[in-house]
$ cat structure.cif   # mmCIF, C-alpha atoms and all ligand atoms
data_entry
#
loop_
_atom_site.label_atom_id
_atom_site.label_comp_id
_atom_site.auth_asym_id
_atom_site.auth_seq_id
_atom_site.Cartn_x
_atom_site.Cartn_y
_atom_site.Cartn_z
CA MET Z 37 27.70 19.61 126.29
CA TYR Z 38 29.38 17.62 129.03
CA PHE Z 39 27.84 14.74 130.96
CA LYS Z 40 27.99 16.70 134.22
CA ASP Z 41 25.42 19.12 132.76
CA LEU Z 42 23.02 16.31 131.93
CA PRO Z 43 20.76 15.53 134.93
CA GLY Z 44 20.15 11.96 136.10
CA GLN Z 45 20.24 9.04 133.63
CA GLU Z 46 22.88 7.36 135.76
CA SER Z 47 22.64 3.87 134.28
CA SER Z 48 23.00 5.11 130.70
CA LYS Z 49 25.94 7.25 131.74
CA ALA Z 50 27.54 4.30 133.53
CA TYR Z 51 27.21 2.18 130.39
CA LEU Z 52 28.99 4.76 128.21
CA ASP Z 53 31.58 5.27 130.93
CA GLY Z 54 32.32 1.54 130.78
CA LEU Z 55 32.69 1.63 126.99
CA ILE Z 56 35.35 4.32 127.23
CA LYS Z 57 37.18 2.86 130.22
CA ASP Z 58 37.32 -0.62 128.68
CA ASP Z 59 38.14 0.78 125.25
CA ARG Z 60 35.16 -1.00 123.70
CA ILE Z 61 33.86 1.93 121.67
CA PRO Z 62 31.71 0.75 118.77
CA HIS Z 63 32.46 2.19 115.32
CA ALA Z 64 28.81 2.99 114.83
CA ILE Z 65 26.37 3.63 117.65
CA LEU Z 66 22.72 4.72 117.47
CA PHE Z 67 21.39 6.83 120.35
CA THR Z 68 17.66 6.27 120.46
CA GLY Z 69 14.68 5.71 122.82
CA PRO Z 70 11.58 7.81 123.52
CA GLN Z 71 11.31 11.50 122.66
CA GLY Z 72 12.64 13.89 125.28
CA ASN Z 73 15.18 11.43 126.76
CA GLY Z 74 18.12 13.75 126.02
CA LYS Z 75 19.63 11.61 123.25
CA LEU Z 76 21.21 14.54 121.37
CA ALA Z 77 22.76 15.82 124.61
CA PHE Z 78 24.04 12.30 125.29
CA ALA Z 79 25.55 12.04 121.81
CA LEU Z 80 27.29 15.43 122.08
CA ALA Z 81 28.58 14.70 125.59
CA PHE Z 82 29.84 11.30 124.41
CA ALA Z 83 31.66 12.92 121.48
CA ALA Z 84 33.22 15.49 123.83
CA ALA Z 85 34.34 12.69 126.16
CA LEU Z 86 35.92 10.75 123.28
CA LEU Z 87 37.84 13.82 122.14
CA CYS Z 88 39.13 14.99 125.57
CA GLU Z 89 42.79 14.16 126.17
CA GLU Z 90 42.58 14.04 129.94
CA LYS Z 91 39.30 12.18 130.34
CA GLU Z 92 38.47 9.71 133.05
CA GLY Z 93 35.79 7.55 131.44
CA ILE Z 94 33.03 9.98 130.48
CA GLU Z 95 34.40 12.67 132.82
CA VAL Z 96 36.10 15.32 130.71
CA CYS Z 97 38.78 17.70 131.99
CA GLY Z 98 36.88 20.70 130.58
CA VAL Z 99 40.06 22.73 129.98
CA CYS Z 100 42.11 21.03 127.24
CA THR Z 101 41.92 22.44 123.71
CA HIS Z 102 39.64 19.56 122.68
CA CYS Z 103 37.20 20.29 125.48
CA THR Z 104 37.01 24.00 124.73
CA LYS Z 105 36.38 23.29 121.05
CA SER Z 106 33.85 20.52 121.73
CA LEU Z 107 31.92 22.79 124.03
CA LYS Z 108 31.59 25.36 121.24
CA TYR Z 109 30.84 22.60 118.68
CA ILE Z 110 33.78 23.71 116.54
CA HIS Z 111 36.15 20.75 116.96
CA PRO Z 112 37.64 19.98 113.52
CA ASP Z 113 37.36 16.23 114.13
CA LEU Z 114 33.69 16.40 115.05
CA HIS Z 115 31.47 16.58 111.97
CA PHE Z 116 27.73 17.20 112.07
CA SER Z 117 25.05 16.11 109.65
CA PHE Z 118 21.35 16.76 110.12
CA PRO Z 119 18.27 17.20 107.94
CA VAL Z 120 18.03 20.54 106.16
CA CYS Z 121 16.01 22.31 103.48
CA SER Z 122 17.25 24.50 100.64
CA LYS Z 123 19.00 27.71 101.53
CA GLU Z 124 18.58 31.02 99.73
CA GLY Z 125 20.74 31.25 96.64
CA LYS Z 126 21.44 27.51 96.51
CA THR Z 127 19.60 24.59 94.98
CA ARG Z 128 18.40 21.90 97.37
CA GLU Z 129 20.70 19.35 95.71
CA LYS Z 130 23.71 21.45 96.61
CA THR Z 131 22.61 22.44 100.12
CA THR Z 132 24.07 20.44 103.00
CA SER Z 133 24.46 20.69 106.77
CA ASN Z 134 27.58 22.82 106.30
CA ASP Z 135 25.33 25.61 105.06
CA PHE Z 136 23.42 25.50 108.35
CA LEU Z 137 26.26 24.96 110.83
CA VAL Z 138 25.93 28.37 112.44
CA GLU Z 139 22.20 27.80 112.95
CA PHE Z 140 22.81 24.30 114.27
CA ARG Z 141 25.29 25.53 116.86
CA SER Z 142 22.82 28.15 118.13
CA PHE Z 143 20.01 25.59 118.13
CA VAL Z 144 22.05 23.16 120.22
CA LYS Z 145 23.11 25.87 122.66
CA GLU Z 146 19.53 27.09 123.12
CA GLY Z 147 17.52 23.95 122.84
CA ILE Z 148 19.64 20.88 123.32
CA PHE Z 149 16.61 18.98 124.60
CA SER Z 150 14.38 19.82 121.63
CA GLY Z 151 13.51 17.39 118.85
CA VAL Z 152 13.96 17.47 115.07
CA ASP Z 153 10.55 19.18 114.77
CA ALA Z 154 11.93 22.12 116.74
CA TRP Z 155 15.03 22.14 114.56
CA SER Z 156 12.84 22.32 111.46
CA ARG Z 157 11.01 25.30 112.98
CA PHE Z 158 14.33 26.86 113.95
CA ILE Z 159 15.42 27.04 110.29
CA ASN Z 160 11.94 28.05 109.14
CA ALA Z 161 11.54 24.84 107.23
CA GLU Z 162 8.05 24.04 108.51
CA ASN Z 163 6.58 24.16 105.03
CA LYS Z 164 9.47 22.50 103.29
CA ALA Z 165 10.57 18.89 103.24
CA ILE Z 166 13.80 18.44 105.16
CA ASN Z 167 16.14 15.52 104.59
CA ILE Z 168 19.75 14.38 104.48
CA ASN Z 169 20.53 14.32 100.78
CA VAL Z 170 22.94 12.50 98.50
CA THR Z 171 25.43 15.39 98.42
CA GLU Z 172 25.56 15.22 102.21
CA CYS Z 173 26.20 11.46 102.18
CA ASN Z 174 29.04 11.93 99.70
CA GLN Z 175 30.44 14.69 101.88
CA ILE Z 176 30.38 12.42 104.95
CA ILE Z 177 32.30 9.74 103.05
CA LYS Z 178 34.82 12.32 101.87
CA SER Z 179 35.39 14.02 105.21
CA LEU Z 180 35.76 10.75 107.11
CA GLY Z 181 38.25 9.60 104.50
CA LEU Z 182 40.49 12.54 105.33
CA ARG Z 183 43.14 12.44 108.01
CA LYS Z 184 42.07 13.52 111.47
CA TYR Z 185 43.29 16.91 112.56
CA GLU Z 186 43.94 16.94 116.27
CA GLY Z 187 42.14 14.30 118.20
CA ARG Z 188 42.37 10.59 118.71
CA TYR Z 189 39.07 10.07 116.92
CA LYS Z 190 37.27 11.39 113.91
CA ILE Z 191 33.62 11.58 114.77
CA GLN Z 192 30.60 11.92 112.52
CA LEU Z 193 27.37 12.76 114.34
CA ILE Z 194 24.19 12.25 112.31
CA TYR Z 195 21.23 13.91 114.02
CA GLY Z 196 17.78 12.87 112.78
CA ALA Z 197 19.17 9.69 111.21
CA GLU Z 198 15.62 8.73 110.16
CA TYR Z 199 15.91 11.47 107.51
CA LEU Z 200 18.58 9.51 105.65
CA SER Z 201 16.69 8.26 102.62
CA LYS Z 202 17.81 5.29 100.57
CA GLU Z 203 20.83 7.38 99.59
CA GLY Z 204 21.99 6.58 103.12
CA ASN Z 205 23.00 3.18 101.76
CA ARG Z 206 26.06 4.93 100.37
CA LEU Z 207 27.29 5.04 103.97
CA LEU Z 208 27.08 1.27 104.51
CA LYS Z 209 30.66 0.53 103.58
CA LEU Z 210 31.85 3.32 105.84
CA ILE Z 211 29.84 1.95 108.76
CA GLU Z 212 30.92 -1.62 108.10
CA GLU Z 213 34.60 -1.01 107.47
CA PRO Z 214 35.34 2.39 108.95
CA THR Z 215 38.68 4.08 108.60
CA PRO Z 216 40.76 3.64 111.78
CA ASP Z 217 39.57 5.62 114.79
CA THR Z 218 36.39 6.74 113.07
CA ILE Z 219 33.25 6.78 115.16
CA ILE Z 220 29.82 7.31 113.69
CA ILE Z 221 27.15 8.44 116.14
CA LEU Z 222 23.56 8.39 114.94
CA VAL Z 223 20.75 10.07 116.85
CA SER Z 224 17.09 9.36 116.24
CA ASP Z 225 13.72 9.60 118.01
CA PHE Z 226 12.31 7.14 115.52
CA GLN Z 227 14.41 4.02 115.39
CA ASP Z 228 11.75 2.21 113.32
CA GLN Z 229 12.08 4.72 110.51
CA ILE Z 230 15.82 4.25 110.00
CA LEU Z 231 17.02 2.19 107.03
CA ASN Z 232 17.37 -1.39 108.24
CA THR Z 233 20.63 -1.76 106.36
CA ILE Z 234 22.14 1.01 108.48
CA LYS Z 235 20.49 0.12 111.77
CA SER Z 236 21.65 -3.48 111.62
CA ARG Z 237 25.25 -2.29 111.44
CA CYS Z 238 25.05 -0.06 114.50
CA GLN Z 239 25.16 -0.79 118.17
CA ILE Z 240 21.75 0.36 119.38
CA PHE Z 241 21.85 2.35 122.60
CA LYS Z 242 18.38 2.93 123.96
CA ILE Z 243 18.11 5.66 126.58
CA PRO Z 244 15.09 5.54 128.92
CA PRO Z 245 12.93 8.59 129.84
CA PHE Z 246 14.35 10.87 132.54
CA GLN Z 247 13.60 10.04 136.15
CA ASP Z 248 11.34 12.51 137.99
CA GLU Z 249 14.27 13.60 140.20
CA ALA Z 250 16.33 14.48 137.10
CA ILE Z 251 13.50 16.58 135.63
CA ASP Z 252 13.12 18.26 139.00
CA GLN Z 253 16.84 19.04 139.02
CA PHE Z 254 16.63 20.37 135.45
CA LEU Z 255 13.77 22.71 136.42
CA SER Z 256 15.17 23.71 139.80
CA GLU Z 257 17.11 26.72 138.52
CA LYS Z 258 14.21 27.99 136.44
CA VAL Z 259 11.29 27.36 138.78
CA THR Z 260 11.84 28.12 142.45
CA ASP Z 261 8.34 27.32 143.69
CA GLN Z 262 8.53 23.70 144.74
CA LYS Z 263 4.84 22.93 144.41
CA GLN Z 264 4.72 24.37 140.92
CA ARG Z 265 7.82 22.41 140.01
CA GLU Z 266 6.28 19.19 141.28
CA GLU Z 267 3.32 19.76 138.96
CA MET Z 268 5.61 20.34 136.00
CA VAL Z 269 7.56 17.19 136.79
CA ARG Z 270 4.30 15.24 136.88
CA LEU Z 271 3.13 16.73 133.59
CA SER Z 272 6.32 16.03 131.71
CA ALA Z 273 6.35 12.31 132.62
CA GLY Z 274 10.09 11.91 132.04
CA ASN Z 275 10.11 13.89 128.77
CA ILE Z 276 12.63 16.72 129.20
CA THR Z 277 11.54 18.38 125.93
CA LEU Z 278 8.03 18.62 127.29
CA ALA Z 279 9.35 19.86 130.66
CA SER Z 280 11.16 22.75 129.00
CA GLU Z 281 8.12 23.54 126.85
CA ILE Z 282 5.83 23.51 129.86
CA HIS Z 283 8.29 25.86 131.52
CA GLN Z 284 8.19 28.23 128.56
CA ASN Z 285 4.42 28.11 128.57
CA ASP Z 286 4.34 28.51 132.30
CA GLU Z 287 2.23 31.66 132.16
CA SER Z 288 -0.41 29.85 130.15
CA ASP Z 289 -3.78 28.88 131.51
CA TYR Z 290 -4.32 25.79 129.41
CA ASP Z 291 -6.23 24.01 132.17
CA GLU Z 292 -8.71 26.88 132.41
CA ILE Z 293 -9.19 27.02 128.62
CA LEU Z 294 -9.75 23.28 128.42
CA LEU Z 295 -12.30 23.30 131.22
CA ASN Z 296 -14.16 26.14 129.48
CA ILE Z 297 -14.16 24.21 126.20
CA PHE Z 298 -15.78 21.24 127.92
CA ARG Z 299 -18.35 23.44 129.66
CA SER Z 300 -19.35 25.35 126.53
CA ALA Z 301 -19.48 22.21 124.39
CA TYR Z 302 -21.57 20.39 127.01
CA THR Z 303 -24.11 23.22 127.12
CA SER Z 304 -23.83 23.93 123.34
CA ASN Z 305 -23.01 27.56 124.14
CA ILE Z 306 -22.04 28.62 120.59
CA THR Z 307 -21.02 32.18 121.52
CA LYS Z 308 -18.67 30.89 124.18
CA MET Z 309 -17.32 28.18 121.86
CA LEU Z 310 -16.49 30.72 119.17
CA SER Z 311 -14.85 33.07 121.60
CA LEU Z 312 -12.64 30.21 122.84
CA SER Z 313 -11.86 29.31 119.25
CA ASP Z 314 -10.79 32.94 118.66
CA ARG Z 315 -8.61 32.86 121.71
CA LEU Z 316 -6.82 29.72 120.53
CA SER Z 317 -6.47 31.05 116.96
CA ASN Z 318 -4.61 34.06 118.31
CA MET Z 319 -1.89 31.86 119.78
CA ASN Z 320 1.32 31.19 117.89
CA LYS Z 321 2.06 27.71 116.59
CA LYS Z 322 4.20 26.72 119.54
CA GLU Z 323 1.50 27.74 122.01
CA MET Z 324 -1.22 25.97 120.04
CA GLU Z 325 0.88 22.84 119.98
CA GLY Z 326 1.53 23.25 123.70
CA PHE Z 327 -2.21 23.40 124.31
CA CYS Z 328 -2.83 20.23 122.26
CA LEU Z 329 -0.05 18.41 124.12
CA TYR Z 330 -1.48 19.58 127.42
CA THR Z 331 -4.94 18.34 126.46
CA LEU Z 332 -3.55 14.97 125.37
CA HIS Z 333 -1.70 14.61 128.64
CA PHE Z 334 -4.79 15.58 130.64
CA LEU Z 335 -7.05 13.16 128.76
CA LYS Z 336 -4.56 10.32 129.11
CA GLU Z 337 -4.48 10.83 132.86
CA TYR Z 338 -8.26 11.30 132.93
CA MET Z 339 -8.72 7.90 131.29
CA ARG Z 340 -6.55 6.46 134.06
CA VAL Z 341 -8.81 8.12 136.62
CA LEU Z 342 -11.81 6.39 135.00
CA HIS Z 343 -9.97 3.10 134.92
CA LEU Z 344 -8.60 3.23 138.47
CA GLN Z 345 -11.69 4.93 139.93
CA SER Z 346 -9.27 7.09 141.88
CA THR Z 347 -7.02 10.12 141.38
CA ASP Z 348 -4.28 8.86 143.70
CA LEU Z 349 -1.77 7.59 141.17
CA VAL Z 350 -2.33 9.99 138.29
CA ARG Z 351 0.00 12.74 137.12
CA LEU Z 352 -2.38 15.67 137.65
CA SER Z 353 -2.28 18.74 139.87
CA GLY Z 354 -4.76 19.17 142.72
CA LYS Z 355 -6.93 21.51 140.66
CA GLU Z 356 -6.86 19.16 137.67
CA LYS Z 357 -7.79 16.23 139.86
CA SER Z 358 -10.92 17.97 141.06
CA THR Z 359 -11.80 18.88 137.44
CA ALA Z 360 -11.23 15.28 136.42
CA LEU Z 361 -13.51 14.01 139.17
CA LYS Z 362 -16.30 16.39 138.12
CA MET Z 363 -15.89 15.28 134.51
CA THR Z 364 -16.49 11.62 135.30
CA ARG Z 365 -20.23 12.40 135.35
CA SER Z 366 -20.29 13.67 131.76
CA ILE Z 367 -17.25 12.38 129.85
CA THR Z 368 -16.91 8.66 129.22
CA PHE Z 369 -13.78 6.77 128.25
CA ASP Z 370 -14.86 6.64 124.58
CA MET Z 371 -15.59 10.37 124.52
CA ALA Z 372 -12.19 11.18 126.01
CA PHE Z 373 -10.60 8.97 123.38
CA LEU Z 374 -12.41 10.78 120.53
CA ILE Z 375 -11.42 14.21 121.88
CA ALA Z 376 -7.80 13.03 122.16
CA GLU Z 377 -7.96 11.93 118.52
CA LEU Z 378 -9.14 15.41 117.52
CA MET Z 379 -6.17 16.96 119.36
CA GLU Z 380 -3.71 14.60 117.70
CA GLN Z 381 -5.07 15.57 114.30
CA ASN Z 382 -4.74 19.21 115.33
CA ILE Z 383 -1.02 18.83 116.03
CA GLY Z 384 -0.54 17.47 112.51
CA ASN Z 385 -2.66 20.26 111.03
CA ILE Z 386 -0.81 22.95 112.98
CA HIS Z 387 2.44 21.64 111.50
CA ARG Z 388 0.89 21.75 108.05
CA ASN Z 389 -0.05 25.40 108.61
CA ALA Z 390 -3.80 24.82 108.43
CA ASN Z 391 -6.03 27.88 108.72
CA LYS Z 392 -6.10 28.56 112.47
CA LYS Z 393 -9.67 29.86 112.68
CA ILE Z 394 -11.10 26.94 110.73
CA LEU Z 395 -8.99 24.50 112.71
CA TRP Z 396 -10.21 25.68 116.11
CA SER Z 397 -13.83 26.34 115.23
CA SER Z 398 -14.11 22.85 113.73
CA THR Z 399 -12.45 21.44 116.86
CA MET Z 400 -15.07 23.18 119.04
CA PHE Z 401 -17.94 21.84 116.94
CA GLY Z 402 -16.29 18.42 116.86
CA ILE Z 403 -16.17 18.31 120.66
CA GLU Z 404 -19.75 19.59 120.92
CA GLU Z 405 -20.85 16.80 118.56
CA ILE Z 406 -19.11 14.21 120.74
CA PHE Z 407 -21.04 15.53 123.76
CA ALA Z 408 -24.34 15.74 121.82
CA LYS Z 409 -24.14 12.15 120.56
CA ASN Z 410 -23.41 10.88 124.01
CA LYS Z 411 -26.37 12.73 125.51
CA ILE Z 412 -28.68 11.07 122.98
CA ALA Z 413 -27.17 7.70 123.72
CA SER Z 414 -27.59 8.00 127.49
ZN ZN A 1 39.64 17.83 128.05
#

$ encode --input "structure.cif" --output "structure tokens"
Amino acid sequence: MYFKDLPGQESSKAYLDGLIKDDRIPHAILFTGPQGNGKLAFALAFAAALLCEEKEGIEVCGVCTHCTKSLKYIHPDLHFSFPVCSKEGKTREKTTSNDFLVEFRSFVKEGIFSGVDAWSRFINAENKAININVTECNQIIKSLGLRKYEGRYKIQLIYGAEYLSKEGNRLLKLIEEPTPDTIIILVSDFQDQILNTIKSRCQIFKIPPFQDEAIDQFLSEKVTDQKQREEMVRLSAGNITLASEIHQNDESDYDEILLNIFRSAYTSNITKMLSLSDRLSNMNKKEMEGFCLYTLHFLKEYMRVLHLQSTDLVRLSGKEKSTALKMTRSITFDMAFLIAELMEQNIGNIHRNANKKILWSSTMFGIEEIFAKNKIAS
């Protein structure tokens, strides 16, 4: 990953550019900020820039041996650690990131803008607890203690730093008094969940969400229809992970399904509710999650419509706006909030592999109940 392949985010890029040009590179830096802000891509591009021999700030030459190796994620001075689960034939205690390096390289090449959740799915660890274990921490200490091979720096990138349990405290000395030319780059969506002892020793670099223009640029090669792209930009609200998921689910008709759920729940049409529940149960986990995320986005914007009494400033398509306006007669702010809560619970339950049929039929009845109670109240 090079910075030139990362759309927008000019001010964050300029900051890192300054660090390199002024030779003020911190020994430990934490890339954080909201989900979908490209922090892993930033961290990898920063590592590539540090390693390039012919760089100009964050601009790499792209042709030196360091660049070619960084691009393939095989540079011997760039070490990766990330949360993993046990691997076949090995106990969990003995399993480390090295056992999953091949998978990690493919994951990064395919889904650089995905989060740790997607990584966990990628290694089929959805039902297992992933973490960065004590063996891994010891390995980090050992490998950073070794001489560097080729580059000016030895870099340790820790992706999903919130998965370092208290064993992470073994790394404190390394972070505080690193060996010369050692850089530790931590990446985390959840800054609050990182050990305070570690966080307080890092320079915290918070990256904002992507600008709409950057998301548009990211989607421009994949989606040629400008109007459709505009809608996707609106939906993703600066979250590039969401933008790529919306793109993958482009063929979906989430808006239609959601509208039908509201209609059938409002009229207590049980047959229709169950058929919608069947339809959702037949989706795979990623699609179901996509639907829940879509619903949450829609409801959030719908609540803004209720608040602003207008659809002018909301991130909804033309069709969604007209749906939202019709809904204002039957769905109050409190009802929208309760439905959103149901969807949030669903995301958690989908991750926990809950029974799909039970999950969706209870969601349908839950929404119907919300409508029924409100009718009695009004
Ligand atoms: Zn280079």

$ residues_near_ligand --input "structure.cif" --ligand "ligand ZN 1 (chain A)" --cutoff "6 Å" --atoms "only C-alpha atoms and all ligand atoms" --output "ChimeraX atom specification"
/Z:88-90,96-100,102-103

$ atom_distance --input "structure.cif" --atom1 "atom CA of Ser397 of chain Z" --atom2 "atom CA of Leu316 of chain Z"
9.4 Å

$ residues_around --input "structure.cif" --residues "Ala360 of chain Z" --least-positions-apart "3" --cutoff "8 Å" --atoms "all atoms listed in the file" --output "PyMOL selection string"
chain Z and resi 338+341+356-357+363-364

$ write_last_selection --input "structure.cif" --atoms "C-alpha atoms" --output "PDB file, in the frame of the given file"
ATOM      1  CA  TYR Z 338      -8.260  11.300 132.930  1.00  0.00           C
ATOM      2  CA  VAL Z 341      -8.810   8.120 136.620  1.00  0.00           C
ATOM      3  CA  GLU Z 356      -6.860  19.160 137.670  1.00  0.00           C
ATOM      4  CA  LYS Z 357      -7.790  16.230 139.860  1.00  0.00           C
ATOM      5  CA  MET Z 363     -15.890  15.280 134.510  1.00  0.00           C
ATOM      6  CA  THR Z 364     -16.490  11.620 135.300  1.00  0.00           C
TER       7      THR Z 364
END

$ closest_residue --input "structure.cif" --among "Z:Pro216, Z:Pro119, Z:Gly147, Z:Gly74" --to "Asp135 of chain Z" --atoms "all atoms listed in the file"
Z:Pro119

$ closest_atom_pairs --input "structure.cif" --of "segment 103-157 of chain Z" --to "segment 267-284 of chain Z" --cutoff "10 Å" --atoms "only C-alpha atoms" --output "tab-separated table"
residue	atom	partner	partner_atom	distance
Z:Gly147	CA	Z:Thr277	CA	8.7
Z:Ile148	CA	Z:Thr277	CA	8.9
Z:Phe149	CA	Z:Thr277	CA	5.3
Z:Ser150	CA	Z:Thr277	CA	5.4
Z:Gly151	CA	Z:Thr277	CA	7.4
Z:Ala154	CA	Z:Thr277	CA	9.9

$ closest_residue --input "structure.cif" --among "Z:Ser142, Z:Ser201, Z:Thr218, Z:Thr68" --to "Ile177 of chain Z" --atoms "only C-alpha atoms"
Z:Thr218

$ residues_near_point --input "structure.cif" --point "(-10.7, 18.8, 116.3)" --cutoff "6 Å" --atoms "all atoms listed in the file" --output "ChimeraX atom specification"
/Z:378-379,398-399,402
